[in-house]
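Following: one structure in structure tokens, then a few remarks.
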Amino acid sequence: MFIILPLISLIAIFLLINKNSRDWRKSLIVAFTYWGVLLTVITEILSFLKLITFGGILVTWGLICIILISIYLRLNSQKTEILEPNNSFQVNENLKIPSVIKFLLSGVGFVVATIGLIAIIAPPNNWDSMDYHMSRVAHWIENHSVAHYPTSYTPQLYQNPWSEFVILHFQILTGGDYFANLVQWFSMIGSIIGVSLIAKKLGADLQGQVFSAVVTATIPMGILQASGTQNDYVIAYWVVCLAYYLLSTIEAKNSNVWINSFNIGSSIGLAILSKATAYFYVFPFLVWFGLYQIKRLRWQVWKPALMVASISLLLNISHYLRNYHLFGSPLGEPGEYKNELHGINILFSNVIRNLALHIGTPIGLWNGIANKLIKIIHTLISVDINDPRITFSKTFFVPGGWSTIGIYGNENDAGNFVHLALLITCIIILITRKSIRKDSYLVAYFIATISTFFIFCYLVKWQAWNSRLHLTFFVLISPFLGIILSKLKKQKIAILLVTFLLISSLPWLFFNRYRPIINSNNIFQTTRTEQYFSNRPYLKGTYTGAVEFLNSKKCSNIGLLMGNDPWEYPLWVLLQQNNQEVVKIQHVNVTNISASLEKQDSYKDFQPCGIIAMETKKSKQNKSLEVNFKGKTYTRSWDSPELGVFIKQNSGVRSQNSESDFSRHLENLTSISLS
């Protein structure tokens with residue numbers, strides 16, 4: 001498998017870094033960061049040269065592996081001096097690991113290994129992945145470039161792309177999406193290691209570091225997402241790296257200034273390149289870094305600041321420019337998620353409503369009381385709980401039902417009830433224990449992390465799916481929770497709590513709603529094709545029928561007329577599975593700002609032999625007998641309640657029904673409620 005080449009390069013980078021270090025965890029975190037920077041540079045250069053191809057990717061990674069291995073072998077032949085003090089926990093003959101630590105680490109290993117199994121066996125099937133995460137990768141592969149292209153769904157263009165960059169390389173090297181889910185899984189592993197390092201930097205002993213790792217590994221939203229192709233765990237990992245590099249800078253004082261600044265800039269740049277919510281999460285740590293550097297360097301603070309800013313900008317400059325040239329803004333199209341009202345009462349409202357996403361239970365009485373109480377609070381603070389200026393979803397509600405605690409867990413809106421309860425408890429302990437409050441670094445880290453949540457609530461409208469955007473916060477707060485638990489006087493209680501976290505994680509682990517491993521539709525007994533449609537199973541027959549019809553007509557150039565329902569990735573999978581010829585797919589009759597791209601050489605000569613039209617309620621497209629594209633007429637030749645297939649009129653393809661029969665058929669279809 002050629003996918004081993006980027007992995008070999010990662011291992012080589014790790015070995016080079018670890019050569020002069022005794023802390024393998026730090027070496028691994030730094031290696032991931034440098035590998036992330038390297039992959040970004042490779043992608044942008046090859047894209048500029050239109051070499052996003054199997055040959056281009058293969059040769060590039062092959063050369064990099066040869067160079068890195070050669071450097072390692074050359075350095076390995078020389079006598080190496082360990083430059084760093086032995087300040088990390090080492091397993092050796094003189095050190096005995098307590099059995100409880102072994103048990104907890106085994107539990108974490110079981111959770112991680114099970115998620116990895118799910119990630120490899122199950123295909124990408126998250127709704128957003130079908131809309132844009134995986135669809136944009138398919139377009140990039142076809143276009144040999146990550147440049148913007150005409151599409152009916154512009155988030156495919158302007159959304160931050162780093163996660164998909166990695167999937168792009170994996171998919172080209174393997175010829176399929178079997179390893180697409182591993183990006184989030186690796187991010188989970190990196191986050192678990194990273195929070196244990198943060199806990200160590202904050203003074204935690206071995207037990208505190210392991211407690212932190214357990215807290216991270218058992219976050220319900222994290223468990224559900226780590227086997228899919230969303231990108232919330234990816235951004236969580238890069239922000240964890242930022243927090244660790246910041247603490248390393250403070251510890252190092254005047255040494256390794258440039259290396260630490262480069263690492264901080266890289267982690268910020270990669271976080272922003274992964275997801276726009278990174279701006280909220282990196283800001284408090286940037287303020288902390290800035291204040292520390294001003295105190296230490298005075299007027300020389302501009303030097304590391306310039307390094308951090310330059311690296312962050314360089315990693316994002318290509319994506320910014322692509323967005324600016326098309327949308328007139330480096331951030332792309334303006335979204336509807338930004339709060340339109342601000343104030344203390346609005347902040348208080350959003351904090352309460354966002355926390356409410358994590359307090360739902362299967363107990364209806366509890367959920368009803370919580371809903372009523374929150375509405376009363378909003379009446380007291382004179383805020384409309386459903387005000388569209390601060391609410392993206394139509395109405396506020398406290399999520400309830402079994403899905404909230406993990407049975408058939410949904411990675412889009414699952415709550416972290418137990419972790420929120422643990423956080424509130426640890427905050428109370430921090431307030432009441434003077435000895436803990438004296439730990440200035442722990443308190444500063446807590447303030448920075450809590451600030452990320454308040455900034456999020458201040459700027460972002462409430463919606464039912466915000467809980468997945470909170471994943472980064474829950475990962476960042478894990479070292480604080482682990483340390484507080486390790487400082488409890490009765491450690492038996494702390495051990496029972498983290499053991500309970502491991503046990504309570506099992507429902508989310510086994511009953512992922514779209515990638516379950518225990519039920520009649522589990523990933524082992526359900527075909528891969530069926531799993532692509534886990535979110536919308538009723539579309540499987542429709543999509544399959546449309547593709548079979550196009551294959552029967554030997555049609556390989558296919559236009560997509562998706563309207564407002566861009567659920568297109570399964571079409572790519574089916575068309576590429578069943579068509580022996582090279583399939584070229586392009587959006588047609590685009591009406592948004594990306595329509596201007598149809599005039600470019602890469603797209604202006606596209607002439608589809610068939611057009612697939614999405615005709616669901618969400619698409620807002622009416623059924624018609626024909627479609628016109630570039631002066632050509634395409635006649636409706638196959639239809640279903642959700643899709644229509646149009647064949648070029650002059651291609652000699654005969655419709656399945658006469659026009660009169662087809663008109664009567666359309667009248668019957670319009671009486672059916674479309675999904």
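Letters A, B, ... go to the chains of the structure tokens in the order shown; residues in each chain start at 1; ligands are counted from 1 in the same order.
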Let's see if you can do this: from backbone DSSP, list all alpha helix (DSSP H) residues in region 254-461 of chain A, as a tab-separated table (two decimals) with N, CA and C atoms, in the first residue's frame.
chain	number	residue	atom	x	y	z
A	257	VAL	N	14.05	29.86	21.78
A	257	VAL	CA	13.03	30.86	21.48
A	257	VAL	C	12.48	30.69	20.07
A	258	TRP	N	13.37	30.53	19.10
A	258	TRP	CA	12.94	30.47	17.70
A	258	TRP	C	12.24	29.16	17.38
A	259	ILE	N	12.73	28.08	17.96
A	259	ILE	CA	12.08	26.78	17.72
A	259	ILE	C	10.67	26.80	18.31
A	260	ASN	N	10.55	27.29	19.54
A	260	ASN	CA	9.23	27.35	20.18
A	260	ASN	C	8.29	28.29	19.43
A	261	SER	N	8.80	29.40	18.94
A	261	SER	CA	7.97	30.33	18.17
A	261	SER	C	7.51	29.69	16.87
A	262	PHE	N	8.41	28.95	16.21
A	262	PHE	CA	8.03	28.24	14.99
A	262	PHE	C	6.94	27.22	15.28
A	263	ASN	N	7.08	26.47	16.38
A	263	ASN	CA	6.09	25.46	16.74
A	263	ASN	C	4.74	26.10	17.05
A	264	ILE	N	4.76	27.22	17.77
A	264	ILE	CA	3.50	27.91	18.08
A	264	ILE	C	2.85	28.42	16.80
A	265	GLY	N	3.63	29.06	15.94
A	265	GLY	CA	3.09	29.55	14.67
A	265	GLY	C	2.53	28.43	13.82
A	266	SER	N	3.21	27.29	13.80
A	266	SER	CA	2.75	26.14	13.00
A	266	SER	C	1.43	25.60	13.52
A	267	SER	N	1.33	25.46	14.85
A	267	SER	CA	0.11	24.90	15.42
A	267	SER	C	-1.07	25.85	15.21
A	268	ILE	N	-0.83	27.16	15.32
A	268	ILE	CA	-1.90	28.14	15.06
A	268	ILE	C	-2.32	28.08	13.60
A	269	GLY	N	-1.34	28.08	12.70
A	269	GLY	CA	-1.64	28.04	11.28
A	269	GLY	C	-2.40	26.79	10.88
A	270	LEU	N	-2.00	25.64	11.40
A	270	LEU	CA	-2.67	24.39	11.06
A	270	LEU	C	-4.07	24.32	11.68
A	271	ALA	N	-4.23	24.89	12.87
A	271	ALA	CA	-5.56	24.92	13.49
A	271	ALA	C	-6.52	25.76	12.64
A	272	ILE	N	-6.07	26.94	12.23
A	272	ILE	CA	-6.91	27.81	11.40
A	272	ILE	C	-7.19	27.17	10.05
A	273	LEU	N	-6.19	26.50	9.48
A	273	LEU	CA	-6.37	25.85	8.18
A	273	LEU	C	-7.31	24.66	8.27
A	274	SER	N	-7.57	24.18	9.49
A	274	SER	CA	-8.45	23.02	9.68
A	274	SER	C	-9.91	23.41	9.86
A	278	ALA	N	-11.19	27.79	14.99
A	278	ALA	CA	-9.86	27.91	15.60
A	278	ALA	C	-9.59	29.34	16.07
A	279	TYR	N	-10.16	30.33	15.38
A	279	TYR	CA	-9.93	31.72	15.78
A	279	TYR	C	-10.36	31.95	17.23
A	280	PHE	N	-11.48	31.34	17.63
A	280	PHE	CA	-11.96	31.51	18.99
A	280	PHE	C	-11.04	30.81	19.99
A	281	TYR	N	-10.58	29.62	19.60
A	281	TYR	CA	-9.84	28.78	20.55
A	281	TYR	C	-8.38	29.19	20.71
A	282	VAL	N	-7.78	29.78	19.70
A	282	VAL	CA	-6.37	30.15	19.81
A	282	VAL	C	-6.19	31.52	20.46
A	283	PHE	N	-7.22	32.37	20.40
A	283	PHE	CA	-7.05	33.75	20.85
A	283	PHE	C	-6.60	33.88	22.31
A	284	PRO	N	-7.25	33.22	23.28
A	284	PRO	CA	-6.80	33.37	24.67
A	284	PRO	C	-5.35	32.91	24.88
A	285	PHE	N	-4.94	31.89	24.17
A	285	PHE	CA	-3.56	31.41	24.32
A	285	PHE	C	-2.58	32.37	23.66
A	286	LEU	N	-3.02	33.03	22.59
A	286	LEU	CA	-2.18	34.06	21.98
A	286	LEU	C	-2.00	35.25	22.94
A	287	VAL	N	-3.06	35.62	23.63
A	287	VAL	CA	-2.97	36.70	24.61
A	287	VAL	C	-2.00	36.31	25.72
A	288	TRP	N	-2.12	35.09	26.22
A	288	TRP	CA	-1.21	34.58	27.25
A	288	TRP	C	0.24	34.62	26.75
A	289	PHE	N	0.45	34.13	25.54
A	289	PHE	CA	1.80	34.12	24.95
A	289	PHE	C	2.33	35.54	24.81
A	290	GLY	N	1.48	36.45	24.34
A	290	GLY	CA	1.91	37.83	24.15
A	290	GLY	C	2.29	38.50	25.46
A	291	LEU	N	1.47	38.33	26.50
A	291	LEU	CA	1.76	38.94	27.80
A	291	LEU	C	3.05	38.39	28.39
A	292	TYR	N	3.24	37.08	28.25
A	292	TYR	CA	4.46	36.48	28.77
A	292	TYR	C	5.69	37.00	28.05
A	293	GLN	N	5.61	37.10	26.71
A	293	GLN	CA	6.76	37.55	25.93
A	293	GLN	C	7.05	39.04	26.19
A	294	ILE	N	6.02	39.84	26.37
A	294	ILE	CA	6.23	41.25	26.69
A	294	ILE	C	6.95	41.39	28.03
A	295	LYS	N	6.53	40.61	28.99
A	295	LYS	CA	7.16	40.65	30.31
A	295	LYS	C	8.62	40.22	30.24
A	296	ARG	N	8.91	39.25	29.38
A	296	ARG	CA	10.27	38.69	29.33
A	296	ARG	C	11.18	39.45	28.38
A	297	LEU	N	10.66	39.86	27.20
A	297	LEU	CA	11.51	40.44	26.16
A	297	LEU	C	11.38	41.95	26.04
A	302	TRP	N	8.69	41.85	19.41
A	302	TRP	CA	8.24	41.79	18.03
A	302	TRP	C	8.88	40.64	17.25
A	303	LYS	N	10.06	40.20	17.69
A	303	LYS	CA	10.76	39.14	16.94
A	303	LYS	C	10.02	37.80	16.98
A	304	PRO	N	9.74	37.24	18.18
A	304	PRO	CA	8.96	35.99	18.17
A	304	PRO	C	7.53	36.20	17.66
A	305	ALA	N	6.97	37.40	17.90
A	305	ALA	CA	5.62	37.67	17.41
A	305	ALA	C	5.58	37.64	15.88
A	306	LEU	N	6.62	38.20	15.26
A	306	LEU	CA	6.70	38.19	13.81
A	306	LEU	C	6.85	36.77	13.28
A	307	MET	N	7.64	35.95	13.97
A	307	MET	CA	7.81	34.55	13.57
A	307	MET	C	6.48	33.81	13.63
A	308	VAL	N	5.76	33.95	14.75
A	308	VAL	CA	4.47	33.27	14.91
A	308	VAL	C	3.48	33.72	13.85
A	309	ALA	N	3.37	35.03	13.65
A	309	ALA	CA	2.42	35.56	12.67
A	309	ALA	C	2.76	35.12	11.25
A	310	SER	N	4.05	35.13	10.92
A	310	SER	CA	4.48	34.78	9.56
A	310	SER	C	4.18	33.33	9.24
A	311	ILE	N	4.53	32.43	10.16
A	311	ILE	CA	4.28	31.00	9.91
A	311	ILE	C	2.79	30.74	9.80
A	312	SER	N	2.00	31.32	10.69
A	312	SER	CA	0.54	31.12	10.65
A	312	SER	C	-0.04	31.60	9.32
A	313	LEU	N	0.41	32.78	8.89
A	313	LEU	CA	-0.11	33.35	7.64
A	313	LEU	C	0.33	32.55	6.43
A	314	LEU	N	1.59	32.14	6.39
A	314	LEU	CA	2.10	31.40	5.24
A	314	LEU	C	1.36	30.09	5.03
A	315	LEU	N	0.99	29.43	6.12
A	315	LEU	CA	0.27	28.17	6.00
A	315	LEU	C	-1.14	28.37	5.43
A	316	ASN	N	-1.69	29.56	5.62
A	316	ASN	CA	-3.06	29.81	5.19
A	316	ASN	C	-3.18	30.71	3.96
A	317	ILE	N	-2.04	31.27	3.51
A	317	ILE	CA	-2.10	32.31	2.49
A	317	ILE	C	-2.73	31.83	1.19
A	318	SER	N	-2.43	30.61	0.78
A	318	SER	CA	-2.99	30.11	-0.49
A	318	SER	C	-4.51	29.99	-0.41
A	319	HIS	N	-4.99	29.45	0.71
A	319	HIS	CA	-6.45	29.31	0.87
A	319	HIS	C	-7.10	30.67	0.99
A	320	TYR	N	-6.46	31.59	1.71
A	320	TYR	CA	-6.99	32.95	1.81
A	320	TYR	C	-7.11	33.59	0.43
A	321	LEU	N	-6.07	33.43	-0.40
A	321	LEU	CA	-6.08	34.05	-1.72
A	321	LEU	C	-7.15	33.45	-2.62
A	322	ARG	N	-7.31	32.13	-2.54
A	322	ARG	CA	-8.36	31.49	-3.34
A	322	ARG	C	-9.73	32.06	-2.96
A	323	ASN	N	-9.96	32.20	-1.66
A	323	ASN	CA	-11.23	32.76	-1.21
A	323	ASN	C	-11.39	34.22	-1.61
A	324	TYR	N	-10.31	34.98	-1.46
A	324	TYR	CA	-10.39	36.41	-1.76
A	324	TYR	C	-10.69	36.65	-3.24
A	325	HIS	N	-10.05	35.88	-4.11
A	325	HIS	CA	-10.25	36.08	-5.54
A	325	HIS	C	-11.68	35.76	-5.97
A	326	LEU	N	-12.32	34.81	-5.30
A	326	LEU	CA	-13.68	34.43	-5.70
A	326	LEU	C	-14.74	35.18	-4.90
A	327	PHE	N	-14.56	35.25	-3.58
A	327	PHE	CA	-15.60	35.79	-2.71
A	327	PHE	C	-15.34	37.23	-2.26
A	344	ILE	N	-23.93	41.70	28.14
A	344	ILE	CA	-23.76	40.74	29.23
A	344	ILE	C	-24.93	39.77	29.29
A	345	ASN	N	-26.15	40.29	29.09
A	345	ASN	CA	-27.31	39.41	29.15
A	345	ASN	C	-27.33	38.42	27.98
A	346	ILE	N	-26.87	38.86	26.81
A	346	ILE	CA	-26.80	37.96	25.64
A	346	ILE	C	-25.74	36.89	25.88
A	347	LEU	N	-24.59	37.28	26.42
A	347	LEU	CA	-23.54	36.31	26.74
A	347	LEU	C	-24.05	35.29	27.75
A	348	PHE	N	-24.72	35.78	28.78
A	348	PHE	CA	-25.26	34.88	29.81
A	348	PHE	C	-26.25	33.90	29.20
A	349	SER	N	-27.09	34.40	28.30
A	349	SER	CA	-28.07	33.55	27.62
A	349	SER	C	-27.37	32.45	26.82
A	350	ASN	N	-26.37	32.82	26.04
A	350	ASN	CA	-25.70	31.83	25.20
A	350	ASN	C	-24.89	30.84	26.01
A	351	VAL	N	-24.31	31.28	27.12
A	351	VAL	CA	-23.57	30.35	27.98
A	351	VAL	C	-24.51	29.29	28.53
A	352	ILE	N	-25.66	29.74	29.04
A	352	ILE	CA	-26.62	28.79	29.60
A	352	ILE	C	-27.14	27.84	28.52
A	353	ARG	N	-27.50	28.38	27.37
A	353	ARG	CA	-28.08	27.54	26.31
A	353	ARG	C	-27.06	26.57	25.74
A	354	ASN	N	-25.79	26.99	25.65
A	354	ASN	CA	-24.76	26.07	25.16
A	354	ASN	C	-24.46	24.97	26.18
A	355	LEU	N	-24.45	25.33	27.46
A	355	LEU	CA	-24.27	24.31	28.49
A	355	LEU	C	-25.44	23.33	28.49
A	356	ALA	N	-26.63	23.84	28.15
A	356	ALA	CA	-27.82	22.98	28.13
A	356	ALA	C	-27.72	21.86	27.11
A	364	GLY	N	-37.48	12.34	31.03
A	364	GLY	CA	-38.27	13.42	30.48
A	364	GLY	C	-38.56	14.52	31.48
A	365	LEU	N	-38.81	14.14	32.75
A	365	LEU	CA	-39.10	15.13	33.78
A	365	LEU	C	-37.92	16.08	33.96
A	366	TRP	N	-36.70	15.52	33.99
A	366	TRP	CA	-35.49	16.35	34.13
A	366	TRP	C	-35.39	17.35	32.98
A	367	ASN	N	-35.56	16.86	31.75
A	367	ASN	CA	-35.44	17.74	30.58
A	367	ASN	C	-36.51	18.83	30.59
A	368	GLY	N	-37.73	18.46	31.01
A	368	GLY	CA	-38.81	19.44	31.07
A	368	GLY	C	-38.53	20.53	32.10
A	369	ILE	N	-38.04	20.13	33.27
A	369	ILE	CA	-37.72	21.10	34.31
A	369	ILE	C	-36.59	22.02	33.84
A	370	ALA	N	-35.57	21.43	33.19
A	370	ALA	CA	-34.44	22.23	32.70
A	370	ALA	C	-34.90	23.24	31.66
A	371	ASN	N	-35.76	22.81	30.75
A	371	ASN	CA	-36.31	23.72	29.74
A	371	ASN	C	-37.06	24.87	30.39
A	372	LYS	N	-37.94	24.54	31.34
A	372	LYS	CA	-38.75	25.55	32.01
A	372	LYS	C	-37.88	26.53	32.78
A	373	LEU	N	-36.87	26.00	33.49
A	373	LEU	CA	-36.00	26.85	34.29
A	373	LEU	C	-35.22	27.82	33.41
A	374	ILE	N	-34.69	27.33	32.29
A	374	ILE	CA	-33.92	28.19	31.39
A	374	ILE	C	-34.81	29.26	30.77
A	375	LYS	N	-36.05	28.93	30.47
A	375	LYS	CA	-36.98	29.93	29.92
A	375	LYS	C	-37.30	31.00	30.97
A	376	ILE	N	-37.43	30.59	32.24
A	376	ILE	CA	-37.69	31.55	33.31
A	376	ILE	C	-36.51	32.50	33.46
A	377	ILE	N	-35.30	31.95	33.39
A	377	ILE	CA	-34.09	32.77	33.49
A	377	ILE	C	-34.05	33.80	32.37
A	378	HIS	N	-34.43	33.38	31.18
A	378	HIS	CA	-34.43	34.32	30.05
A	378	HIS	C	-35.48	35.41	30.21
A	379	THR	N	-36.58	35.08	30.84
A	379	THR	CA	-37.58	36.10	31.12
A	379	THR	C	-37.02	37.14	32.10
A	380	LEU	N	-36.26	36.65	33.09
A	380	LEU	CA	-35.69	37.54	34.10
A	380	LEU	C	-34.62	38.46	33.52
A	402	TRP	N	-32.51	8.89	24.61
A	402	TRP	CA	-31.35	8.01	24.73
A	402	TRP	C	-30.18	8.47	23.88
A	403	SER	N	-30.46	9.14	22.76
A	403	SER	CA	-29.37	9.57	21.88
A	403	SER	C	-28.43	10.53	22.59
A	404	THR	N	-28.93	11.23	23.61
A	404	THR	CA	-28.11	12.20	24.32
A	404	THR	C	-26.99	11.52	25.10
A	405	ILE	N	-27.25	10.33	25.64
A	405	ILE	CA	-26.21	9.71	26.46
A	405	ILE	C	-25.48	8.59	25.72
A	417	PHE	N	-22.54	14.96	29.20
A	417	PHE	CA	-23.17	15.19	30.50
A	417	PHE	C	-22.22	14.92	31.66
A	418	VAL	N	-21.60	13.75	31.68
A	418	VAL	CA	-20.74	13.36	32.80
A	418	VAL	C	-19.53	14.28	32.88
A	419	HIS	N	-18.95	14.63	31.74
A	419	HIS	CA	-17.77	15.50	31.74
A	419	HIS	C	-18.12	16.91	32.20
A	420	LEU	N	-19.33	17.38	31.85
A	420	LEU	CA	-19.75	18.70	32.33
A	420	LEU	C	-19.94	18.67	33.85
A	421	ALA	N	-20.55	17.60	34.36
A	421	ALA	CA	-20.73	17.48	35.81
A	421	ALA	C	-19.37	17.43	36.52
A	422	LEU	N	-18.42	16.71	35.92
A	422	LEU	CA	-17.09	16.63	36.50
A	422	LEU	C	-16.40	17.99	36.48
A	423	LEU	N	-16.60	18.74	35.41
A	423	LEU	CA	-16.00	20.08	35.30
A	423	LEU	C	-16.54	21.00	36.39
A	424	ILE	N	-17.85	21.00	36.59
A	424	ILE	CA	-18.45	21.85	37.63
A	424	ILE	C	-17.91	21.47	39.00
A	425	THR	N	-17.78	20.17	39.24
A	425	THR	CA	-17.24	19.70	40.52
A	425	THR	C	-15.80	20.17	40.72
A	426	CYS	N	-14.99	20.07	39.67
A	426	CYS	CA	-13.58	20.46	39.79
A	426	CYS	C	-13.43	21.97	39.96
A	427	ILE	N	-14.33	22.74	39.36
A	427	ILE	CA	-14.30	24.20	39.55
A	427	ILE	C	-14.60	24.54	41.01
A	428	ILE	N	-15.56	23.84	41.59
A	428	ILE	CA	-15.88	24.04	43.01
A	428	ILE	C	-14.68	23.70	43.88
A	429	ILE	N	-14.00	22.60	43.55
A	429	ILE	CA	-12.81	22.21	44.32
A	429	ILE	C	-11.72	23.27	44.19
A	430	LEU	N	-11.54	23.80	42.98
A	430	LEU	CA	-10.53	24.85	42.76
A	430	LEU	C	-10.84	26.07	43.62
A	431	ILE	N	-12.10	26.45	43.68
A	431	ILE	CA	-12.49	27.64	44.44
A	431	ILE	C	-12.31	27.43	45.94
A	432	THR	N	-12.59	26.24	46.41
A	432	THR	CA	-12.57	25.98	47.86
A	432	THR	C	-11.21	25.52	48.39
A	434	LYS	N	-7.49	26.35	48.76
A	434	LYS	CA	-6.51	27.43	48.62
A	434	LYS	C	-5.19	26.91	48.07
A	435	SER	N	-4.80	25.70	48.44
A	435	SER	CA	-3.52	25.15	48.00
A	435	SER	C	-3.49	24.96	46.49
A	436	ILE	N	-4.63	24.66	45.88
A	436	ILE	CA	-4.70	24.50	44.43
A	436	ILE	C	-4.70	25.86	43.75
A	437	ARG	N	-5.39	26.83	44.37
A	437	ARG	CA	-5.45	28.17	43.78
A	437	ARG	C	-4.08	28.84	43.73
A	440	SER	N	-0.19	28.99	40.13
A	440	SER	CA	-0.47	30.07	39.18
A	440	SER	C	-0.60	29.57	37.75
A	441	TYR	N	0.24	28.61	37.34
A	441	TYR	CA	0.18	28.10	35.97
A	441	TYR	C	-1.13	27.34	35.73
A	442	LEU	N	-1.54	26.55	36.71
A	442	LEU	CA	-2.79	25.80	36.57
A	442	LEU	C	-3.97	26.76	36.47
A	443	VAL	N	-3.99	27.79	37.30
A	443	VAL	CA	-5.07	28.77	37.28
A	443	VAL	C	-5.06	29.53	35.95
A	444	ALA	N	-3.85	29.92	35.48
A	444	ALA	CA	-3.76	30.64	34.21
A	444	ALA	C	-4.25	29.77	33.06
A	445	TYR	N	-3.88	28.49	33.07
A	445	TYR	CA	-4.35	27.58	32.02
A	445	TYR	C	-5.86	27.43	32.07
A	446	PHE	N	-6.40	27.32	33.28
A	446	PHE	CA	-7.85	27.19	33.44
A	446	PHE	C	-8.56	28.43	32.90
A	447	ILE	N	-8.04	29.61	33.21
A	447	ILE	CA	-8.65	30.86	32.75
A	447	ILE	C	-8.61	30.94	31.22
A	448	ALA	N	-7.46	30.58	30.62
A	448	ALA	CA	-7.34	30.62	29.17
A	448	ALA	C	-8.33	29.67	28.50
A	449	THR	N	-8.47	28.48	29.07
A	449	THR	CA	-9.36	27.48	28.49
A	449	THR	C	-10.82	27.87	28.64
A	450	ILE	N	-11.20	28.32	29.83
A	450	ILE	CA	-12.58	28.76	30.05
A	450	ILE	C	-12.91	29.94	29.14
A	451	SER	N	-11.92	30.79	28.91
A	451	SER	CA	-12.14	31.96	28.05
A	451	SER	C	-12.53	31.56	26.64
A	452	THR	N	-11.99	30.44	26.15
A	452	THR	CA	-12.35	29.99	24.80
A	452	THR	C	-13.84	29.73	24.70
A	453	PHE	N	-14.41	29.16	25.76
A	453	PHE	CA	-15.85	28.86	25.75
A	453	PHE	C	-16.68	30.15	25.78
A	454	PHE	N	-16.25	31.11	26.59
A	454	PHE	CA	-16.99	32.37	26.68
A	454	PHE	C	-16.90	33.16	25.38
A	455	ILE	N	-15.74	33.14	24.73
A	455	ILE	CA	-15.59	33.83	23.44
A	455	ILE	C	-16.51	33.18	22.40
A	456	PHE	N	-16.54	31.85	22.41
A	456	PHE	CA	-17.42	31.13	21.49
A	456	PHE	C	-18.87	31.55	21.71
A	457	CYS	N	-19.31	31.58	22.97
A	457	CYS	CA	-20.70	31.93	23.28
A	457	CYS	C	-21.00	33.39	22.94
A	458	TYR	N	-20.01	34.24	23.04
A	458	TYR	CA	-20.21	35.66	22.77
A	458	TYR	C	-20.38	35.92	21.28
A	459	LEU	N	-19.70	35.14	20.44
A	459	LEU	CA	-19.66	35.43	19.01
A	459	LEU	C	-20.57	34.55	18.15
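For Thr395 (chain A), the list of residues within 7 Å, based on only C-alpha atoms and with local chain neighbours fewer than 2 positions off taken out, reads Asn386, Ser393 and Phe397 of chain A.
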Contact table region 322-364 of chain A vs region 460-470 of chain A, cut-off 6 Å, shortest pair per residue, only C-alpha atoms, as a tab-separated table:
residue	atom	partner	partner_atom	distance
A:Tyr337	CA	A:Lys461	CA	5.3
A:Lys338	CA	A:Val460	CA	4.8
A:Asn339	CA	A:Lys461	CA	5.0
Report task. Determine, counting only C-alpha atoms, which protein, DNA and RNA residues have an atom within 8 Å of an atom of region 132-145 of chain A; residues of the same chain fewer than 3 positions away are not included. Present the result as a list in words. Result -> Leu46, Ser47, Phe48, Lys50, Leu51, Ile52, Thr53, Pro124, Asp128, Ser129, Tyr153, Pro155, Gln156, Leu157, Glu164, Phe165, Ile167, Leu168, Ile172, Thr229, Gln230, Pro566, Glu568, Tyr569, Trp572, Lys584, Ile585 and Ser602 of chain A
Requested in this report: For Tyr532 (chain A), list every protein, DNA or RNA residue within 12 Å, evaluated using only C-alpha atoms, and leave out those in the same chain fewer than 6 positions away; present the list as a PyMOL selection string.
Outcome: chain A and resi 122-127+129-130+134+177+228+514-515+523+526+538-540+543-544+567-574
Output C-alpha atoms for every residue in the selection just made, as an mmCIF file, in the first residue's frame.
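In the end it all went to part_6.cif:
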data_model
loop_
_atom_site.group_PDB
_atom_site.id
_atom_site.type_symbol
_atom_site.label_atom_id
_atom_site.label_comp_id
_atom_site.auth_asym_id
_atom_site.auth_seq_id
_atom_site.Cartn_x
_atom_site.Cartn_y
_atom_site.Cartn_z
ATOM 1 C CA ALA A 122 -16.820 1.873 8.122
ATOM 2 C CA PRO A 123 -16.813 4.275 5.158
ATOM 3 C CA PRO A 124 -17.217 8.045 5.540
ATOM 4 C CA ASN A 125 -20.953 8.629 6.014
ATOM 5 C CA ASN A 126 -21.414 11.779 8.052
ATOM 6 C CA TRP A 127 -23.915 14.222 6.518
ATOM 7 C CA SER A 129 -18.931 14.617 4.617
ATOM 8 C CA MET A 130 -21.469 13.720 1.947
ATOM 9 C CA MET A 134 -15.516 14.118 0.854
ATOM 10 C CA ASP A 177 -11.607 6.177 0.925
ATOM 11 C CA GLY A 228 -15.535 9.761 10.955
ATOM 12 C CA TYR A 514 -24.162 5.730 11.916
ATOM 13 C CA ARG A 515 -21.254 3.353 12.563
ATOM 14 C CA ILE A 523 -20.655 -2.236 10.305
ATOM 15 C CA THR A 526 -23.891 -4.093 6.497
ATOM 16 C CA TYR A 538 -34.140 5.943 1.349
ATOM 17 C CA LEU A 539 -31.753 7.420 -1.223
ATOM 18 C CA LYS A 540 -29.778 4.209 -1.777
ATOM 19 C CA TYR A 543 -28.887 6.706 -6.398
ATOM 20 C CA THR A 544 -28.138 3.142 -7.433
ATOM 21 C CA TRP A 567 -25.580 15.334 -0.951
ATOM 22 C CA GLU A 568 -23.315 14.241 -3.780
ATOM 23 C CA TYR A 569 -20.429 12.093 -2.526
ATOM 24 C CA PRO A 570 -22.337 8.752 -2.740
ATOM 25 C CA LEU A 571 -22.861 9.500 -6.442
ATOM 26 C CA TRP A 572 -19.085 9.744 -6.902
ATOM 27 C CA VAL A 573 -18.603 6.405 -5.162
ATOM 28 C CA LEU A 574 -21.270 4.596 -7.176
#
